[in-house]
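Asker: Would you mind keeping the following structure in view while I ask a few things?
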Amino acid sequence: MKAGNIILFFVLVVLIVIVIYSIATKDNPKVFYTKMKNFNARTIPPMGIFISKGQEQNNNLLKHELIHWEQYQRLGLLGFYYEYFKGEENGYDLNPLEIEARQRTGENDFAIYNYTYAVRNGLANTVYNPDFNP
């Protein structure tokens, strides 16, 4: 087998595994509590939701991340990443997927559009983190 064919075969196998894993976990995200720096949580489809240790009891933060999981279910894997990174052109605070999650978790009007400042200064409902750096 030629080197190019081996690489192509490997890429196809990886893509198939990602698709199968994506389908298998789409409805039931795994939640991991782990040490994180600068941010509080991340939703990384299809792997799951990652939340900073110390935030295990923070239901508002988990709800926010579950909304991102719902967005992934609605948009699909590639659609979610496309929309998320397209939204980042406006900056994290004005990313439409983040705004939707903030609105649906009951953030106040100021925090919905100024989330970084709100999190750093204790004005957000979801979490307080003076080192927050999305």
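Going through the structure tokens in order, the chains are called A, B, and so on, while each chain numbers its residues from 1 and the ligands are numbered from 1 in the order shown.
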Need to verify the contact set: Asn60 of chain A, 10 Å, only C-alpha atoms, exclusion of same-chain residues closer than 6 positions in sequence. Can you return it as a PyMOL selection string?

Answerer: chain A and resi 66+102+105-107+125-127

Asker: Pull C-alpha atoms from the residues just selected and write them as a PDB file, in the first residue's frame.

Answerer:
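File again28.pdb, as written:
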```pdb
ATOM      1  CA  LEU A  66     -26.464  21.960  28.105  1.00  0.00           C
ATOM      2  CA  ARG A 102     -27.121  33.380  28.259  1.00  0.00           C
ATOM      3  CA  THR A 105     -30.161  30.664  31.498  1.00  0.00           C
ATOM      4  CA  GLY A 106     -31.699  33.896  32.767  1.00  0.00           C
ATOM      5  CA  GLU A 107     -28.707  36.201  32.631  1.00  0.00           C
ATOM      6  CA  ASN A 125     -25.770  34.664  37.250  1.00  0.00           C
ATOM      7  CA  THR A 126     -23.852  31.665  35.931  1.00  0.00           C
ATOM      8  CA  VAL A 127     -20.422  32.092  37.472  1.00  0.00           C
TER       9      VAL A 127
END
```

Asker: Using DSSP on the backbone coordinates, identify the residues of chain A assigned to helix (DSSP H, G or I); present them as a PDB file with N, CA and C atoms, in the first residue's frame.

Answerer:
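Here's the written file selection.pdb:
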```pdb
ATOM      1  N   ALA A   3       2.052   5.195   0.616  1.00  0.00           N
ATOM      2  CA  ALA A   3       1.931   6.077   1.782  1.00  0.00           C
ATOM      3  C   ALA A   3       0.680   6.950   1.693  1.00  0.00           C
ATOM      4  N   GLY A   4       0.372   7.474   0.508  1.00  0.00           N
ATOM      5  CA  GLY A   4      -0.821   8.309   0.331  1.00  0.00           C
ATOM      6  C   GLY A   4      -2.093   7.548   0.620  1.00  0.00           C
ATOM      7  N   ASN A   5      -2.147   6.282   0.213  1.00  0.00           N
ATOM      8  CA  ASN A   5      -3.324   5.455   0.468  1.00  0.00           C
ATOM      9  C   ASN A   5      -3.465   5.128   1.952  1.00  0.00           C
ATOM     10  N   ILE A   6      -2.347   4.927   2.629  1.00  0.00           N
ATOM     11  CA  ILE A   6      -2.373   4.640   4.062  1.00  0.00           C
ATOM     12  C   ILE A   6      -2.914   5.848   4.827  1.00  0.00           C
ATOM     13  N   ILE A   7      -2.444   7.026   4.450  1.00  0.00           N
ATOM     14  CA  ILE A   7      -2.911   8.257   5.105  1.00  0.00           C
ATOM     15  C   ILE A   7      -4.402   8.451   4.853  1.00  0.00           C
ATOM     16  N   LEU A   8      -4.842   8.270   3.616  1.00  0.00           N
ATOM     17  CA  LEU A   8      -6.252   8.399   3.273  1.00  0.00           C
ATOM     18  C   LEU A   8      -7.090   7.394   4.060  1.00  0.00           C
ATOM     19  N   PHE A   9      -6.621   6.150   4.147  1.00  0.00           N
ATOM     20  CA  PHE A   9      -7.331   5.129   4.912  1.00  0.00           C
ATOM     21  C   PHE A   9      -7.443   5.537   6.379  1.00  0.00           C
ATOM     22  N   PHE A  10      -6.344   6.032   6.964  1.00  0.00           N
ATOM     23  CA  PHE A  10      -6.332   6.468   8.361  1.00  0.00           C
ATOM     24  C   PHE A  10      -7.321   7.618   8.576  1.00  0.00           C
ATOM     25  N   VAL A  11      -7.327   8.583   7.681  1.00  0.00           N
ATOM     26  CA  VAL A  11      -8.243   9.722   7.786  1.00  0.00           C
ATOM     27  C   VAL A  11      -9.692   9.243   7.720  1.00  0.00           C
ATOM     28  N   LEU A  12     -10.001   8.328   6.813  1.00  0.00           N
ATOM     29  CA  LEU A  12     -11.363   7.802   6.697  1.00  0.00           C
ATOM     30  C   LEU A  12     -11.787   7.056   7.956  1.00  0.00           C
ATOM     31  N   VAL A  13     -10.882   6.258   8.523  1.00  0.00           N
ATOM     32  CA  VAL A  13     -11.196   5.539   9.753  1.00  0.00           C
ATOM     33  C   VAL A  13     -11.485   6.526  10.889  1.00  0.00           C
ATOM     34  N   VAL A  14     -10.664   7.553  11.011  1.00  0.00           N
ATOM     35  CA  VAL A  14     -10.868   8.561  12.053  1.00  0.00           C
ATOM     36  C   VAL A  14     -12.216   9.255  11.862  1.00  0.00           C
ATOM     37  N   LEU A  15     -12.551   9.624  10.642  1.00  0.00           N
ATOM     38  CA  LEU A  15     -13.835  10.277  10.367  1.00  0.00           C
ATOM     39  C   LEU A  15     -15.010   9.369  10.701  1.00  0.00           C
ATOM     40  N   ILE A  16     -14.901   8.100  10.358  1.00  0.00           N
ATOM     41  CA  ILE A  16     -15.967   7.147  10.671  1.00  0.00           C
ATOM     42  C   ILE A  16     -16.143   7.019  12.181  1.00  0.00           C
ATOM     43  N   VAL A  17     -15.048   6.936  12.917  1.00  0.00           N
ATOM     44  CA  VAL A  17     -15.121   6.847  14.373  1.00  0.00           C
ATOM     45  C   VAL A  17     -15.774   8.103  14.953  1.00  0.00           C
ATOM     46  N   ILE A  18     -15.407   9.271  14.450  1.00  0.00           N
ATOM     47  CA  ILE A  18     -15.997  10.526  14.930  1.00  0.00           C
ATOM     48  C   ILE A  18     -17.500  10.548  14.663  1.00  0.00           C
ATOM     49  N   VAL A  19     -17.909  10.147  13.475  1.00  0.00           N
ATOM     50  CA  VAL A  19     -19.336  10.132  13.134  1.00  0.00           C
ATOM     51  C   VAL A  19     -20.092   9.164  14.033  1.00  0.00           C
ATOM     52  N   ILE A  20     -19.559   7.967  14.223  1.00  0.00           N
ATOM     53  CA  ILE A  20     -20.233   6.977  15.077  1.00  0.00           C
ATOM     54  C   ILE A  20     -20.312   7.476  16.512  1.00  0.00           C
ATOM     55  N   TYR A  21     -19.231   8.014  17.017  1.00  0.00           N
ATOM     56  CA  TYR A  21     -19.218   8.547  18.383  1.00  0.00           C
ATOM     57  C   TYR A  21     -20.197   9.705  18.507  1.00  0.00           C
ATOM     58  N   SER A  22     -20.240  10.554  17.483  1.00  0.00           N
ATOM     59  CA  SER A  22     -21.144  11.698  17.474  1.00  0.00           C
ATOM     60  C   SER A  22     -22.597  11.245  17.553  1.00  0.00           C
ATOM     61  N   ILE A  23     -22.945  10.247  16.794  1.00  0.00           N
ATOM     62  CA  ILE A  23     -24.313   9.724  16.796  1.00  0.00           C
ATOM     63  C   ILE A  23     -24.632   9.068  18.145  1.00  0.00           C
ATOM     64  N   ALA A  24     -23.690   8.324  18.675  1.00  0.00           N
ATOM     65  CA  ALA A  24     -23.918   7.585  19.921  1.00  0.00           C
ATOM     66  C   ALA A  24     -24.075   8.501  21.127  1.00  0.00           C
ATOM     67  N   THR A  25     -23.417   9.656  21.125  1.00  0.00           N
ATOM     68  CA  THR A  25     -23.437  10.534  22.299  1.00  0.00           C
ATOM     69  C   THR A  25     -24.314  11.763  22.121  1.00  0.00           C
ATOM     70  N   ASN A  59     -25.498  24.731  39.007  1.00  0.00           N
ATOM     71  CA  ASN A  59     -26.527  24.301  38.057  1.00  0.00           C
ATOM     72  C   ASN A  59     -26.725  25.295  36.919  1.00  0.00           C
ATOM     73  N   ASN A  60     -26.534  26.586  37.172  1.00  0.00           N
ATOM     74  CA  ASN A  60     -26.681  27.579  36.100  1.00  0.00           C
ATOM     75  C   ASN A  60     -25.606  27.394  35.029  1.00  0.00           C
ATOM     76  N   LEU A  61     -24.400  27.097  35.455  1.00  0.00           N
ATOM     77  CA  LEU A  61     -23.313  26.877  34.503  1.00  0.00           C
ATOM     78  C   LEU A  61     -23.563  25.607  33.694  1.00  0.00           C
ATOM     79  N   LEU A  62     -23.992  24.542  34.353  1.00  0.00           N
ATOM     80  CA  LEU A  62     -24.313  23.304  33.642  1.00  0.00           C
ATOM     81  C   LEU A  62     -25.463  23.529  32.660  1.00  0.00           C
ATOM     82  N   LYS A  63     -26.477  24.272  33.072  1.00  0.00           N
ATOM     83  CA  LYS A  63     -27.608  24.564  32.173  1.00  0.00           C
ATOM     84  C   LYS A  63     -27.124  25.318  30.933  1.00  0.00           C
ATOM     85  N   HIS A  64     -26.234  26.289  31.130  1.00  0.00           N
ATOM     86  CA  HIS A  64     -25.671  27.046  30.006  1.00  0.00           C
ATOM     87  C   HIS A  64     -24.983  26.098  29.020  1.00  0.00           C
ATOM     88  N   GLU A  65     -24.189  25.193  29.534  1.00  0.00           N
ATOM     89  CA  GLU A  65     -23.479  24.246  28.660  1.00  0.00           C
ATOM     90  C   GLU A  65     -24.432  23.244  28.004  1.00  0.00           C
ATOM     91  N   LEU A  66     -25.475  22.855  28.706  1.00  0.00           N
ATOM     92  CA  LEU A  66     -26.464  21.960  28.105  1.00  0.00           C
ATOM     93  C   LEU A  66     -27.206  22.635  26.951  1.00  0.00           C
ATOM     94  N   ILE A  67     -27.358  23.943  27.021  1.00  0.00           N
ATOM     95  CA  ILE A  67     -27.953  24.678  25.896  1.00  0.00           C
ATOM     96  C   ILE A  67     -27.031  24.592  24.692  1.00  0.00           C
ATOM     97  N   HIS A  68     -25.720  24.685  24.911  1.00  0.00           N
ATOM     98  CA  HIS A  68     -24.790  24.487  23.791  1.00  0.00           C
ATOM     99  C   HIS A  68     -24.928  23.075  23.229  1.00  0.00           C
ATOM    100  N   TRP A  69     -25.167  22.090  24.093  1.00  0.00           N
ATOM    101  CA  TRP A  69     -25.366  20.720  23.612  1.00  0.00           C
ATOM    102  C   TRP A  69     -26.646  20.632  22.779  1.00  0.00           C
ATOM    103  N   GLU A  70     -27.687  21.331  23.202  1.00  0.00           N
ATOM    104  CA  GLU A  70     -28.927  21.382  22.415  1.00  0.00           C
ATOM    105  C   GLU A  70     -28.670  22.032  21.046  1.00  0.00           C
ATOM    106  N   GLN A  71     -27.834  23.068  21.036  1.00  0.00           N
ATOM    107  CA  GLN A  71     -27.489  23.713  19.767  1.00  0.00           C
ATOM    108  C   GLN A  71     -26.791  22.720  18.850  1.00  0.00           C
ATOM    109  N   TYR A  72     -25.898  21.930  19.411  1.00  0.00           N
ATOM    110  CA  TYR A  72     -25.217  20.884  18.647  1.00  0.00           C
ATOM    111  C   TYR A  72     -26.226  19.880  18.101  1.00  0.00           C
ATOM    112  N   GLN A  73     -27.199  19.483  18.919  1.00  0.00           N
ATOM    113  CA  GLN A  73     -28.226  18.554  18.446  1.00  0.00           C
ATOM    114  C   GLN A  73     -29.028  19.170  17.293  1.00  0.00           C
ATOM    115  N   ARG A  74     -29.344  20.439  17.424  1.00  0.00           N
ATOM    116  CA  ARG A  74     -30.144  21.136  16.413  1.00  0.00           C
ATOM    117  C   ARG A  74     -29.373  21.362  15.120  1.00  0.00           C
ATOM    118  N   LEU A  75     -28.113  21.750  15.224  1.00  0.00           N
ATOM    119  CA  LEU A  75     -27.314  22.143  14.054  1.00  0.00           C
ATOM    120  C   LEU A  75     -26.479  21.011  13.474  1.00  0.00           C
ATOM    121  N   LEU A  77     -23.051  18.308  14.043  1.00  0.00           N
ATOM    122  CA  LEU A  77     -21.660  18.518  14.446  1.00  0.00           C
ATOM    123  C   LEU A  77     -20.991  19.634  13.652  1.00  0.00           C
ATOM    124  N   LEU A  78     -20.983  19.511  12.334  1.00  0.00           N
ATOM    125  CA  LEU A  78     -20.317  20.516  11.518  1.00  0.00           C
ATOM    126  C   LEU A  78     -21.043  21.851  11.569  1.00  0.00           C
ATOM    127  N   GLY A  79     -22.371  21.814  11.604  1.00  0.00           N
ATOM    128  CA  GLY A  79     -23.154  23.050  11.685  1.00  0.00           C
ATOM    129  C   GLY A  79     -22.885  23.809  12.969  1.00  0.00           C
ATOM    130  N   PHE A  80     -22.762  23.073  14.074  1.00  0.00           N
ATOM    131  CA  PHE A  80     -22.481  23.724  15.355  1.00  0.00           C
ATOM    132  C   PHE A  80     -21.143  24.447  15.310  1.00  0.00           C
ATOM    133  N   TYR A  81     -20.108  23.733  14.869  1.00  0.00           N
ATOM    134  CA  TYR A  81     -18.785  24.367  14.832  1.00  0.00           C
ATOM    135  C   TYR A  81     -18.739  25.522  13.833  1.00  0.00           C
ATOM    136  N   TYR A  82     -19.398  25.355  12.704  1.00  0.00           N
ATOM    137  CA  TYR A  82     -19.431  26.436  11.715  1.00  0.00           C
ATOM    138  C   TYR A  82     -20.083  27.679  12.315  1.00  0.00           C
ATOM    139  N   GLU A  83     -21.262  27.516  12.904  1.00  0.00           N
ATOM    140  CA  GLU A  83     -21.978  28.662  13.481  1.00  0.00           C
ATOM    141  C   GLU A  83     -21.222  29.262  14.662  1.00  0.00           C
ATOM    142  N   TYR A  84     -20.614  28.405  15.492  1.00  0.00           N
ATOM    143  CA  TYR A  84     -19.898  28.920  16.655  1.00  0.00           C
ATOM    144  C   TYR A  84     -18.705  29.764  16.222  1.00  0.00           C
ATOM    145  N   PHE A  85     -17.893  29.221  15.313  1.00  0.00           N
ATOM    146  CA  PHE A  85     -16.699  29.965  14.908  1.00  0.00           C
ATOM    147  C   PHE A  85     -17.045  31.170  14.035  1.00  0.00           C
ATOM    148  N   LYS A  86     -18.113  31.077  13.284  1.00  0.00           N
ATOM    149  CA  LYS A  86     -18.598  32.238  12.526  1.00  0.00           C
ATOM    150  C   LYS A  86     -19.035  33.335  13.506  1.00  0.00           C
ATOM    151  N   GLY A  87     -19.701  32.944  14.568  1.00  0.00           N
ATOM    152  CA  GLY A  87     -20.142  33.900  15.589  1.00  0.00           C
ATOM    153  C   GLY A  87     -18.998  34.551  16.325  1.00  0.00           C
ATOM    154  N   GLU A  88     -17.858  33.878  16.407  1.00  0.00           N
ATOM    155  CA  GLU A  88     -16.688  34.436  17.092  1.00  0.00           C
ATOM    156  C   GLU A  88     -16.096  35.626  16.341  1.00  0.00           C
ATOM    157  N   GLU A  89     -16.492  35.808  15.079  1.00  0.00           N
ATOM    158  CA  GLU A  89     -16.034  36.998  14.332  1.00  0.00           C
ATOM    159  C   GLU A  89     -16.467  38.275  15.047  1.00  0.00           C
ATOM    160  N   ASN A  90     -17.577  38.200  15.778  1.00  0.00           N
ATOM    161  CA  ASN A  90     -18.096  39.347  16.527  1.00  0.00           C
ATOM    162  C   ASN A  90     -17.496  39.445  17.921  1.00  0.00           C
ATOM    163  N   TYR A  92     -16.430  36.973  21.529  1.00  0.00           N
ATOM    164  CA  TYR A  92     -17.118  36.025  22.405  1.00  0.00           C
ATOM    165  C   TYR A  92     -18.419  36.593  22.966  1.00  0.00           C
ATOM    166  N   ASP A  93     -18.374  37.831  23.447  1.00  0.00           N
ATOM    167  CA  ASP A  93     -19.561  38.404  24.079  1.00  0.00           C
ATOM    168  C   ASP A  93     -20.729  38.557  23.125  1.00  0.00           C
ATOM    169  N   LEU A  94     -20.472  38.704  21.832  1.00  0.00           N
ATOM    170  CA  LEU A  94     -21.539  38.912  20.851  1.00  0.00           C
ATOM    171  C   LEU A  94     -21.777  37.702  19.957  1.00  0.00           C
ATOM    172  N   PRO A  96     -23.693  34.801  18.643  1.00  0.00           N
ATOM    173  CA  PRO A  96     -25.120  34.486  18.766  1.00  0.00           C
ATOM    174  C   PRO A  96     -25.430  33.203  19.542  1.00  0.00           C
ATOM    175  N   LEU A  97     -24.587  32.175  19.438  1.00  0.00           N
ATOM    176  CA  LEU A  97     -24.842  30.955  20.198  1.00  0.00           C
ATOM    177  C   LEU A  97     -24.627  31.178  21.694  1.00  0.00           C
ATOM    178  N   GLU A  98     -23.658  32.005  22.032  1.00  0.00           N
ATOM    179  CA  GLU A  98     -23.438  32.340  23.441  1.00  0.00           C
ATOM    180  C   GLU A  98     -24.573  33.220  23.962  1.00  0.00           C
ATOM    181  N   ILE A  99     -25.012  34.166  23.155  1.00  0.00           N
ATOM    182  CA  ILE A  99     -26.121  35.037  23.566  1.00  0.00           C
ATOM    183  C   ILE A  99     -27.373  34.204  23.830  1.00  0.00           C
ATOM    184  N   GLU A 100     -27.672  33.252  22.944  1.00  0.00           N
ATOM    185  CA  GLU A 100     -28.829  32.378  23.152  1.00  0.00           C
ATOM    186  C   GLU A 100     -28.717  31.629  24.474  1.00  0.00           C
ATOM    187  N   ALA A 101     -27.548  31.068  24.754  1.00  0.00           N
ATOM    188  CA  ALA A 101     -27.353  30.321  25.999  1.00  0.00           C
ATOM    189  C   ALA A 101     -27.510  31.228  27.214  1.00  0.00           C
ATOM    190  N   ARG A 102     -26.999  32.445  27.133  1.00  0.00           N
ATOM    191  CA  ARG A 102     -27.121  33.380  28.259  1.00  0.00           C
ATOM    192  C   ARG A 102     -28.576  33.784  28.482  1.00  0.00           C
ATOM    193  N   GLN A 103     -29.289  34.053  27.403  1.00  0.00           N
ATOM    194  CA  GLN A 103     -30.699  34.429  27.526  1.00  0.00           C
ATOM    195  C   GLN A 103     -31.502  33.305  28.151  1.00  0.00           C
ATOM    196  N   ARG A 104     -31.256  32.091  27.713  1.00  0.00           N
ATOM    197  CA  ARG A 104     -32.039  30.949  28.189  1.00  0.00           C
ATOM    198  C   ARG A 104     -31.672  30.518  29.605  1.00  0.00           C
ATOM    199  N   ASP A 109     -29.860  41.544  31.486  1.00  0.00           N
ATOM    200  CA  ASP A 109     -29.646  42.187  30.186  1.00  0.00           C
ATOM    201  C   ASP A 109     -28.208  42.659  29.989  1.00  0.00           C
ATOM    202  N   PHE A 110     -27.587  43.178  31.042  1.00  0.00           N
ATOM    203  CA  PHE A 110     -26.208  43.638  30.913  1.00  0.00           C
ATOM    204  C   PHE A 110     -25.274  42.470  30.628  1.00  0.00           C
ATOM    205  N   ALA A 111     -25.426  41.381  31.380  1.00  0.00           N
ATOM    206  CA  ALA A 111     -24.525  40.234  31.240  1.00  0.00           C
ATOM    207  C   ALA A 111     -24.706  39.514  29.909  1.00  0.00           C
ATOM    208  N   ILE A 112     -25.890  39.555  29.344  1.00  0.00           N
ATOM    209  CA  ILE A 112     -26.116  38.872  28.067  1.00  0.00           C
ATOM    210  C   ILE A 112     -25.147  39.371  27.004  1.00  0.00           C
ATOM    211  N   TYR A 113     -24.904  40.671  26.968  1.00  0.00           N
ATOM    212  CA  TYR A 113     -24.058  41.251  25.917  1.00  0.00           C
ATOM    213  C   TYR A 113     -22.681  41.694  26.407  1.00  0.00           C
ATOM    214  N   TYR A 115     -20.745  39.705  28.789  1.00  0.00           N
ATOM    215  CA  TYR A 115     -20.558  38.557  29.665  1.00  0.00           C
ATOM    216  C   TYR A 115     -19.160  38.503  30.275  1.00  0.00           C
ATOM    217  N   THR A 116     -18.142  38.760  29.497  1.00  0.00           N
ATOM    218  CA  THR A 116     -16.782  38.690  30.035  1.00  0.00           C
ATOM    219  C   THR A 116     -16.633  39.625  31.234  1.00  0.00           C
ATOM    220  N   TYR A 117     -17.047  40.866  31.095  1.00  0.00           N
ATOM    221  CA  TYR A 117     -16.987  41.833  32.192  1.00  0.00           C
ATOM    222  C   TYR A 117     -17.832  41.342  33.372  1.00  0.00           C
ATOM    223  N   ALA A 118     -19.037  40.853  33.076  1.00  0.00           N
ATOM    224  CA  ALA A 118     -19.945  40.407  34.131  1.00  0.00           C
ATOM    225  C   ALA A 118     -19.350  39.237  34.921  1.00  0.00           C
ATOM    226  N   VAL A 119     -18.750  38.276  34.231  1.00  0.00           N
ATOM    227  CA  VAL A 119     -18.145  37.127  34.921  1.00  0.00           C
ATOM    228  C   VAL A 119     -16.964  37.577  35.768  1.00  0.00           C
ATOM    229  N   ARG A 120     -16.129  38.435  35.224  1.00  0.00           N
ATOM    230  CA  ARG A 120     -14.934  38.895  35.955  1.00  0.00           C
ATOM    231  C   ARG A 120     -15.279  39.733  37.179  1.00  0.00           C
TER     232      ARG A 120
END
```

Asker: What lies within 9 Å of Gly48 of chain A using only C-alpha atoms, ignoring chain neighbours under 3 positions off, as an NGL selection string?

Answerer: :A and (25 or 28-32 or 42-45 or 69)

Asker: Residues of the last selection are to be written out with C-alpha atoms, as a CSV table (one decimal), in the first residue's frame.

Answerer:
```csv
chain,number,residue,atom,x,y,z
A,25,THR,CA,-23.4,10.5,22.3
A,28,ASN,CA,-26.5,12.0,26.3
A,29,PRO,CA,-23.5,14.3,26.8
A,30,LYS,CA,-20.9,13.1,29.2
A,31,VAL,CA,-20.0,15.8,31.8
A,32,PHE,CA,-16.4,15.9,33.0
A,42,ARG,CA,-16.6,24.2,27.5
A,43,THR,CA,-18.9,22.1,25.4
A,44,ILE,CA,-17.0,20.1,22.9
A,45,PRO,CA,-19.2,18.0,20.7
A,69,TRP,CA,-25.4,20.7,23.6
```

Asker: Considering only strand (DSSP E or B) as DSSP defines it on the backbone, what residues of segment 20-132 of chain A qualify? List them as a PyMOL selection string.

Answerer: chain A and resi 31-34+41-44+48-52

Asker: From the set A:Asn108, A:Asn121, A:Asn129, A:Asp27, which residue has the shortest atom-to-atom contact distance to Met47 of chain A, counting only C-alpha atoms?

Answerer: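 Closest to Met47 of chain A, using only C-alpha atoms: A:Asp27.
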
Asker: So how far away is atom CA of Ala124 of chain A from atom CA of Ile49 of chain A, in Å?

Answerer: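 Spanning atom CA of Ile49 of chain A to atom CA of Ala124 of chain A is a straight-line distance of 20.1 Å.
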